[in-house]
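Report on the following structure.
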Number of protein chains: 4
Amino acid sequence: MKIGSQAHHSSAISASNESTIVVRGRDLTQELIGKISFTDHFWLLLAGAMPTAAQRRILDATLVAIAEHGLVPSVQVSRMTLAAAPEALQGAVAAGILGCGSVVLGSSEAAGHFYAAIAAQIAAGAAPTQAAQSVILDYRAGRRPIPGYGHPLHKGLDPRAGRLFAVAAEVGLAGTHVDIAQLVERLLPDLIGKPLALNVSGAIPAVLLDAGYPLGALKGVPILARTAGLIAHLLEEQVRPIGFVLSHVGAAAIDYDGDAPPDFEPTRE
Amino acid sequence: MKIGSQAHHSSAISASNESTIVVRGRDLTQELIGKISFTDHFWLLLAGAMPTAAQRRILDATLVAIAEHGLVPSVQVSRMTLAAAPEALQGAVAAGILGCGSVVLGSSEAAGHFYAAIAAQIAAGAAPTQAAQSVILDYRAGRRPIPGYGHPLHKGLDPRAGRLFAVAAEVGLAGTHVDIAQLVERLLPDLIGKPLALNVSGAIPAVLLDAGYPLGALKGVPILARTAGLIAHLLEEQVRPIGFVLSHVGAAAIDYDGDAPPDFEPTRE
Amino acid sequence: MKIGSQAHHSSAISASNESTIVVRGRDLTQELIGKISFTDHFWLLLAGAMPTAAQRRILDATLVAIAEHGLVPSVQVSRMTLAAAPEALQGAVAAGILGCGSVVLGSSEAAGHFYAAIAAQIAAGAAPTQAAQSVILDYRAGRRPIPGYGHPLHKGLDPRAGRLFAVAAEVGLAGTHVDIAQLVERLLPDLIGKPLALNVSGAIPAVLLDAGYPLGALKGVPILARTAGLIAHLLEEQVRPIGFVLSHVGAAAIDYDGDAPPDFEPTRE
Amino acid sequence: MKIGSQAHHSSAISASNESTIVVRGRDLTQELIGKISFTDHFWLLLAGAMPTAAQRRILDATLVAIAEHGLVPSVQVSRMTLAAAPEALQGAVAAGILGCGSVVLGSSEAAGHFYAAIAAQIAAGAAPTQAAQSVILDYRAGRRPIPGYGHPLHKGLDPRAGRLFAVAAEVGLAGTHVDIAQLVERLLPDLIGKPLALNVSGAIPAVLLDAGYPLGALKGVPILARTAGLIAHLLEEQVRPIGFVLSHVGAAAIDYDGDAPPDFEPTRE
């Protein structure tokens with residue numbers, strides 16, 4: 001492969017020399033450290049420009065909304081991994097991120113693409129209701145779930161979803177995507193035969209896209225947020241370990257139903 | 001193992017029911033979303049209490065200082081992994097966190113424990129210089145490197161280190177650990193025979209410990225910060241891929257020097 | 001969630017008590033250790049029954065065929081990760097497995113499903129050529145690549161593919177799927193306008209499926225095989241490190257083309 | 001960094017051109033595929049030379065001995081991760097390898113280094129008993145556990161350990177390290193005040209080192225073996241899922257004992 005002949009092998013995120021570190025065109029030491037928040041920095045890293053105060057409020061609100069939700073599978077994976085390898089915090093965080101999996105992390109991204117498809121039809125001249133119906137029916141025809149609606153625990157409106165919409169309205173950034181998210185919620189009972197309330201994975205991309213956050217980076221928000229929650233659980237695991245308890249009750253809940261030599265009795269945990 | 005007979009299997013981070021999610025004693029929807037920053041939330045998750053404005057400034061400054069430093073090995077690992085599995089962003093983030101490794105992520109934690117050991121001797125009555133000399137000589141006797149000093153690129157003072165100390169002074173949180181970090185820098189030329197400037201991995205634990213951030217969670221700061229940088233690189237990788245370029249130039253830089261069948265000529269990349 | 005009320009929470013792979021470990025119905029100590037090969041054991045673990053000698057030959061041949069192919073991206077990811085965290089071999093292996101990615105690991109599985117779709121039409125009565133044409137055109141219509149054909153380095157027949165077919169013939173296990181794989185190779189020039197030689201990712205599922213290996217476990221063969229190669233590279237990395245060389249030449253190959261403060265000159269690696 | 005000026009950047013494992021893939025000096029297609037077992041290939045990859053039949057028997061026996069031991073934490077981690085991200089088998093394997101952790105994977109390696117230290121003293125002229133006592137007391141003085149002895153479930157002799165020694169005797173490869181392992185078992189009651197039976201993590205390095213397997217690659221044996229077991233569990237997870245059951249019983253076993261708003265009642269799983 002002739003690397004040298006390719007048009008462009010470059011990156012626009014960071015460069016440095018002995019005295020200066022540049023991040024997205026700014027001098028890290030002079031312009032950023034101590035002057036901006038980590039949330040500003042995350043936006044700057046992703047988008048290449050500083051967020052407005054309203055954009056920062058939205059990104060903060062979404063990161064806070066999904067950082068932590070108790071002993072979900074990824075947290076258990078992470079705490080069990082730390083129990084098994086106490087010296088390797090980064091291994092436990094990595095396993096926890098893998099344990100978030102596409103089912104959780106992907107739902108915000110999937111909902112973002114779903115809303116963006118509807119928004120594209122509206123931008124091309126379709127009436128909002130027709131655009132939404134068209135995309136919903138397209139998903140149904142392809143047997144794809146409608147992302148962003150329904151939650152196993154929060155049967156009514158996910159409390160976080162309503163709050164995120166209120167914050168978006170408060171800072172003046174609720175727009176097309178929030179409208180679409182609510183329109184879909186109203187259309188679903190007729191189109192799929194049952195009501196499904198908007199959940200936090202639907203509200204997050206709606207408010208982020210209205211705030212100008214890049215569609216391709218939607219999955220980054222739950223990954224970064226969950227990493228914060230994982231680190232808190234791993235700190236607690238060091239002082240109040242439950243990792244081995246989790247694996248013992250797990251093993252005890254599952255029977256062996258394969259063959260066995262005569263007279264073999266498995267030990268129950 | 002009799003799980004039921006053990007004293008305590010609990011967690012104090014989060015609980016929920018159908019209408020409410022509680023995080024560290026707060027109602028997530030009513031008290032946190034839209035009202036606090038992600039940095040506040042990270043501190044709350046870890047420490048169980050809200051930070052002061054000064055504490056938040058310090059945590060923001062350290063997260064901003066180490067989120068991004070160009071095409072370091074972990075970033076290359078992450079971008080090559082995404083190139084190989086474009087659908088699995090979380091796999092690429094997980095690989096990148098593993099690629100940060102203990103060499104990078106561990107240095108802040110190691111420096112924190114080094115300063116804490118000196119602070120403990122001072123708290124027990126030793127003079128600062130004697131305490132620092134004693135711990136440095138103890139590390140040298142055990143052939144352990146002095147963590148937090150020297151940098152392959154930034155030969156003089158790491159520009160981020162001085163800036164973090166200035167922020168700590170500005171918000172009134174520079175204290176014992178910052179003093180110790182600077183004292184060690186002055187003592188090193190005599191004790192180890194060459195000057196070694198304080199680097200960012202030394203400055204971070206010094207200002208965090210003075211701010212009351214928990215010692216056991218120091219590694220969490222570079223992990224969370226680097227995750228933000230990784231996500232930015234993975235977003236760029238999707239639109240301007242360099243992952244396969246990295247692997248091609250890597251393969252081209254390494255010769256095969258094992259045996260081979262007669263007349264075999266390896267293909268050069 | 002009422003776990004107890006669900007129909008079936010069990011596993012049929014292994015159970016143990018103080019004196020006996022049972023794996024797939026066998027006493028591990030009495031019946032397996034020292035009596036069967038690791039390849040037999042892998043087949044037993046997956047399929048629940050011992051392989052025949054011919055089945056074992058096929059599985060061995062496929063594992064040997066894809067364990068190692070030089071400094072591919074996953075190997076570089078793994079060696080860079082070990083360089084960054086020398087104490088965590090399992091972290092480096094995990095990163096390497098993530099770095100194999102779906103592009104490599106998924107191709108055998110994808111080709112297996114492709115052949116199985118053609119085999120299903122033949123089993124339902126279609127003539128082989130019509131079945132193959134139908135599935136190929138279906139993939140083309142869905143803009144899905146035909147998996148198992150073409151290779152960036154081995155332009156003619158991938159030497160491993162022909163050898164795997166010869167082994168299958170030798171042990172008497174070449175059957176429907178091998179026939180289909182070769183039929184597709186003959187049909188491709190007319191159907192897609194250019195010849196594409198069968199590669200190792202096509203040959204592996206063809207011979208494994210003819211040998212009775214489970215379709216759902218196809219991805220397990222390259223994962224296990226590559227793990228062996230990764231471990232060899234990580235052993236070499238400990239005595240002849242190249243991990244940091246890889247990251248330095250990688251960084252040197254990529255320019256920074258973002259904004260910068262006036263007079264800033266980035267350090268070239 | 002001047003890469004070019006460094007002495008040696010090379011690898012001796014594999015090279016290829018358009019028609020030939022060389023692994024450890026052999027033509028992969030002509031000399032290896034279909035002619036050697038995967039276990040032979042793993043030894044060849046690691047050691048650079050083909051194993052004898054006796055060496056292969058030992059490596060097979062150790063890989064078979066530790067591939068699978070039921071729903072251990074790493075298996076639960078892996079199955080929970082697959083449940084959360086069903087499309088990413090390699091993510092689930094990677095998480096499972098991280099979940100093996102140093103506690104499990106490291107014990108064979110630690111025992112290998114322990115036996116090697118005793119063997120080195122014997123090679124230097126010490127009597128075996130004195131050498132063993134000296135190293136044991138050295139570990140005790142450094143508060144390091146004696147690796148390779150004791151098992152939470154198999155209180156008497158781990159059945160796998162005795163079997164591995166029998167295989168080593170049968171193939172004529174039981175030597176110094178097996179003798180040392182048994183000597184240590186006899187000395188432990190007097191030296192540490194209680195009997196501790198040799199476990200499989202002690203027997204594995206003893207028989208492997210006597211067989212000439214490289215000390216630096218000991219951890220590779222349990223990693224490769226466990227990968228086979230993980231793949232079997234992940235195949236079962238696809239057809240008989242228990243991943244979410246594990247996480248539900250885990251969450252149900254842990255109480256929330258943090259603060260909460262007035263009248264908040266957490267939902268019990």
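Chain lettering (A, B, ...) mirrors the order of the structure tokens, residue numbering begins at 1 for each chain separately, and ligand numbering begins at 1 in order of display.
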
Report the closest atom pair, with its distance in Å rounded to one decimal, for each residue of chain B that has an atom no farther than 9 Å from chain C; count only C-alpha atoms, sort by chain and then rising residue number, and write it as CSV.
residue,atom,partner,partner_atom,distance
B:Gly70,CA,C:Ala251,CA,8.4
B:Leu71,CA,C:Ala251,CA,5.6
B:Val72,CA,C:Ser247,CA,7.1
B:Pro73,CA,C:Ser247,CA,5.4
B:Ser74,CA,C:Thr81,CA,7.4
B:Gln76,CA,C:Ser247,CA,7.1
B:Val77,CA,C:Val77,CA,5.1
B:Ser78,CA,C:Val77,CA,8.2
B:Met80,CA,C:Pro73,CA,6.6
B:Thr81,CA,C:Gly99,CA,4.4
B:Leu82,CA,C:Gly99,CA,7.7
B:Ala83,CA,C:Gly101,CA,8.2
B:Ala84,CA,C:Gly101,CA,4.7
B:Ala85,CA,C:Gly101,CA,4.2
B:Pro86,CA,C:Ser102,CA,7.8
B:Glu87,CA,C:Ser102,CA,8.1
B:Ala88,CA,C:Gly101,CA,8.4
B:Gly91,CA,C:Leu98,CA,6.0
B:Ala92,CA,C:Leu98,CA,7.3
B:Ala94,CA,C:Ala95,CA,7.6
B:Ala95,CA,C:Ala95,CA,4.8
B:Gly96,CA,C:Ala95,CA,8.0
B:Leu98,CA,C:Gly91,CA,6.0
B:Gly99,CA,C:Thr81,CA,4.4
B:Cys100,CA,C:Ala84,CA,6.3
B:Gly101,CA,C:Ala85,CA,4.3
B:Ser102,CA,C:Ala85,CA,4.9
B:Val103,CA,C:Ala84,CA,5.5
B:Val104,CA,C:Ala84,CA,7.3
B:Leu153,CA,C:Thr267,CA,8.9
B:Ile242,CA,C:Ile254,CA,8.0
B:Gly243,CA,C:Pro73,CA,8.7
B:Phe244,CA,C:Pro73,CA,7.6
B:Val245,CA,C:Gly250,CA,7.8
B:Leu246,CA,C:Gly250,CA,4.8
B:Ser247,CA,C:Pro73,CA,5.4
B:His248,CA,C:Pro73,CA,8.2
B:Val249,CA,C:Gly250,CA,6.3
B:Gly250,CA,C:Leu246,CA,4.9
B:Ala251,CA,C:Leu71,CA,5.6
B:Ala253,CA,C:Val249,CA,7.3
B:Ile254,CA,C:Ile242,CA,8.0
B:Thr267,CA,C:Leu153,CA,8.9

Residue contacts of Ile58 in chain A (8 Å, only C-alpha atoms) excluding same-chain residues fewer than 4 positions away, as a list in words: Ala54, Thr62, Leu164, Val167, Ala168, Val207, Leu208 and Ala211 of chain A; Gly34 of chain B

Go ahead and save the picked residues with N, CA and C atoms, as a compact mmCIF listing (two decimals), in the first residue's frame.
# COMPACT_ATOMS: atom_id res chain seq x y z
N ALA A 54 -25.56 27.97 26.69
CA ALA A 54 -26.75 27.13 26.56
C ALA A 54 -26.38 25.73 26.10
N THR A 62 -27.42 16.20 29.93
CA THR A 62 -27.50 14.83 29.42
C THR A 62 -26.47 13.93 30.08
N LEU A 164 -35.19 16.82 30.90
CA LEU A 164 -34.28 17.27 29.84
C LEU A 164 -34.98 18.23 28.88
N VAL A 167 -35.20 21.59 30.55
CA VAL A 167 -33.93 22.32 30.50
C VAL A 167 -33.71 22.92 29.11
N ALA A 168 -34.03 22.13 28.07
CA ALA A 168 -33.87 22.63 26.70
C ALA A 168 -34.74 23.86 26.47
N VAL A 207 -32.50 16.56 22.54
CA VAL A 207 -32.00 17.86 23.04
C VAL A 207 -30.58 18.13 22.54
N LEU A 208 -29.76 17.08 22.39
CA LEU A 208 -28.39 17.31 21.90
C LEU A 208 -28.40 17.78 20.45
N ALA A 211 -29.28 21.19 20.12
CA ALA A 211 -28.21 22.08 20.61
C ALA A 211 -27.03 22.15 19.64
N GLY B 34 -29.69 19.46 34.93
CA GLY B 34 -29.92 20.86 34.58
C GLY B 34 -29.49 21.83 35.65

Any idea what's packed within 12 Å of Gln133 in chain D, counting only C-alpha atoms, ignoring anything in its chain fewer than 6 positions away? Could you give it as a short mmCIF file (atom, residue, chain, number, x, y, z; two decimals) with C-alpha atoms, in the first residue's frame?
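Output (selection37.cif):
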data_model
loop_
_atom_site.label_atom_id
_atom_site.label_comp_id
_atom_site.auth_asym_id
_atom_site.auth_seq_id
_atom_site.Cartn_x
_atom_site.Cartn_y
_atom_site.Cartn_z
CA PHE D 114 8.25 -19.51 42.83
CA TYR D 115 9.41 -22.94 41.61
CA ALA D 117 13.48 -19.49 42.28
CA ILE D 118 13.85 -22.76 44.20
CA GLN D 121 19.11 -22.31 44.24
CA ILE D 122 19.28 -26.07 43.66
CA ALA D 126 21.76 -25.94 47.52
CA ALA D 127 20.06 -29.05 48.88
CA TYR D 139 7.95 -15.16 50.59
CA ARG D 140 6.60 -15.23 54.16
CA ALA D 141 8.94 -12.41 55.18
CA ILE D 146 2.73 -19.12 48.59
CA ILE D 180 9.91 -29.15 44.02
CA LEU D 183 8.48 -31.07 48.30
CA VAL D 184 6.89 -27.72 49.04
CA GLU D 185 3.57 -29.43 49.78
CA ARG D 186 5.32 -31.64 52.37
CA LEU D 187 7.15 -28.69 53.96
CA LEU D 188 4.23 -26.30 54.23
CA PRO D 189 2.52 -27.74 57.35
CA ASP D 190 5.64 -27.17 59.45
CA LEU D 191 6.54 -23.83 57.91
CA ILE D 192 3.16 -22.15 57.88
#

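Computed from the coordinates, the CA of Ser201 in chain D to CA of Ser107 in chain D distance equals 5.8 Å.
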
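Note that CA of Leu157 in chain D and CA of Pro214 in chain D are 26.1 Å apart.
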
Residues of range 31-232 of chain B in helix (DSSP H, G or I) according to DSSP, as a PyMOL selection string? chain B and resi 31-32+38-47+53-66+73-84+89-123+128-141+159-170+176-192+200-210+215-217+220-232

Who sits within 12 Å of Asp40 in chain D, only C-alpha atoms, same chain under 2 positions skipped, as a VMD selection string: (chain C and resid 37 to 39 60 to 61 63 to 64 67 228) or (chain D and resid 32 to 38 42 to 60)

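Residue nearest Leu28 in chain C, chosen from A:Pro261, A:Glu68, A:Gly220, A:Arg163 and counting only C-alpha atoms: A:Pro261.
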
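In this comparison, which uses only C-alpha atoms, the residue of D:Ala131, D:Ile66, D:Leu89, D:Leu173 approaching Ala217 in chain C most closely is D:Leu89.
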
Who sits within 8 Å of Ala161 in chain D, only C-alpha atoms, same chain under 6 positions skipped, as a PyMOL selection string: chain D and resi 198-200+202-204

I need the residues from that last selection saved to file as a PDB file, in the first residue's frame (with C-alpha atoms), if you can.
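And here is the file that came out, again36.pdb:
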ATOM      1  CA  LEU D 198      -1.193 -28.460  45.775  1.00  0.00           C
ATOM      2  CA  ASN D 199      -3.766 -27.033  43.362  1.00  0.00           C
ATOM      3  CA  VAL D 200      -4.012 -26.972  39.588  1.00  0.00           C
ATOM      4  CA  GLY D 202       0.747 -25.142  41.030  1.00  0.00           C
ATOM      5  CA  ALA D 203       0.724 -28.350  39.010  1.00  0.00           C
ATOM      6  CA  ILE D 204       0.484 -26.564  35.653  1.00  0.00           C
TER       7      ILE D 204
END

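With distances restricted to only C-alpha atoms, B:Ile13 is the closest residue to His69 in chain A from B:Ile13, B:Ala116, B:Ala232, B:Ala123.
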
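For the atom pair formed by CA of Pro205 in chain D and CA of Ser108 in chain D, the distance is 5.9 Å, given to one decimal.
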